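Engineer: For reference, the structure I am asking about is given below.
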Amino acid sequence: MSIMSVIPLGRPVDIPDTAQPSKRLQAFCDLIAAEVAAHPFELDGRIWAMLPRKEWAVRLQVEVKTVSRLSQQAPIERLDTGRKGANGTPVRMLALRVMLPGEKPVGMSHRHMANIMRKMFESKTGRTLGNAKWGMLKGLAETWPEGHQLTIFADALGEWPFYAAGVKARIEFERDAYGTPGTVRFYRYPSVSVMRRWPNAVADAYLTRWQSKNSGKGLRQPFDYHHRNE
């Protein structure tokens, strides 16, 4: 994708008069445009400028909290992400871009969902997830029905024994029906690797719980999911 299709180079970014942006917001948009032109990064099919939050603050000559506030205002679109630093340790980054007139935000990406899911898991279990497990979370976000990923994950963390029983039953079913190898066991604690290995079993368990809680209410099932070989 060409940078020219995202940010016109060689001139400041024009913000519609109806938005009545502050001078600081205009300066921030100009800074983002310049950084995109100099150091573009492609994420989720769009071109972004990516710097640590503190570095954005230094360049704009404001406090970090001001960067956080401004980055939530149109026409700026933001994405919290990360990359490896010089010594290999992860560094939190704030990816920003300026949307063109009439353009809509890309919405919550699977990458962003994985970040949220990692925080949910660590808060619930007290265990830290590394990059490999983060990749599994991103895989779950890509696999589960769109718009329901965070709800499924939160319910699985909160009601893990029920989900673990569902996974155990699925392993037995896959073994007997398809000869799929797998050790039949009951997983006592929430496991990202187990959910990633058996995502359909987890989604089916969520639907089972939803149907149990909403039986007789005349509500439409949130999504359709069918048993199939994992």
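Identifiers for the structure tokens are assigned positionally: chains receive A, B, ... in sequence, residues are indexed from 1 per chain, and ligands are indexed from 1 in the order shown.
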Give me, as a ChimeraX atom specification, all polymer residues having an atom no more than 7 Å from Leu137 (chain A), counting only C-alpha atoms and skipping those fewer than 4 positions away in the same chain.
Structural biologist: /A:114,117,133,141
Engineer: Can you tell me how far CA of Lys65 (chain A) sits from CA of Thr151 (chain A), in Å to one decimal?
Structural biologist: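 A separation of 29.2 Å between them.
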Engineer: Hey, what's within 7 Å of region 43-60 of chain A if we count only C-alpha atoms and toss same-chain stuff fewer than 6 positions away? As a count of residues only, please?
Structural biologist: 13
Engineer: Pick out each residue of region 126-164 of chain A that DSSP on the backbone tags as helix (DSSP H, G or I); I need them as a list in words.
Structural biologist: Asn131, Ala132, Lys133, Trp134, Gly135, Met136, Leu137, Lys138, Gly139, Leu140, Ala141, Glu142, Thr143, Gln149, Leu150, Thr151, Ile152, Phe153, Ala154, Asp155, Ala156, Leu157, Gly158, Trp160, Pro161, Phe162, Tyr163 and Ala164 of chain A
Engineer: Using DSSP on the backbone, list every residue of chain A that comes out as strand (DSSP E), and give them as a PyMOL selection string.
Structural biologist: chain A and resi 40-43+46-51+76-84+90-98
Engineer: List every residue of region 28-147 of chain A that has an atom at most 8 Å from any atom of region 185-206 of chain A, giving for each one its closest atom pair and the distance in Å to one decimal, counting only C-alpha atoms, sorted by chain and then by ascending residue number, as a tab-separated table.
Structural biologist:
```
residue	atom	partner	partner_atom	distance
A:Thr125	CA	A:Pro190	CA	7.8
A:Lys133	CA	A:Val192	CA	6.7
A:Met136	CA	A:Arg196	CA	6.0
A:Leu137	CA	A:Val192	CA	7.1
A:Gly139	CA	A:Arg196	CA	7.1
A:Leu140	CA	A:Arg196	CA	6.1
A:Thr143	CA	A:Pro199	CA	7.4
A:Trp144	CA	A:Ala203	CA	7.0
```
Engineer: Output C-alpha atoms of each residue in that selection to a file, as a short mmCIF file (atom, residue, chain, number, x, y, z; two decimals), in the first residue's frame.
Structural biologist:
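Output contents, as saved in result-v6.cif:
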```cif
data_model
loop_
_atom_site.label_atom_id
_atom_site.label_comp_id
_atom_site.auth_asym_id
_atom_site.auth_seq_id
_atom_site.Cartn_x
_atom_site.Cartn_y
_atom_site.Cartn_z
CA THR A 125 -4.94 -15.82 37.05
CA LYS A 133 0.88 -17.21 24.28
CA MET A 136 -2.27 -17.94 20.57
CA LEU A 137 -4.66 -15.27 21.82
CA GLY A 139 -5.24 -16.88 16.84
CA LEU A 140 -8.33 -17.23 19.03
CA THR A 143 -10.90 -18.07 14.88
CA TRP A 144 -13.88 -17.33 17.11
#
```
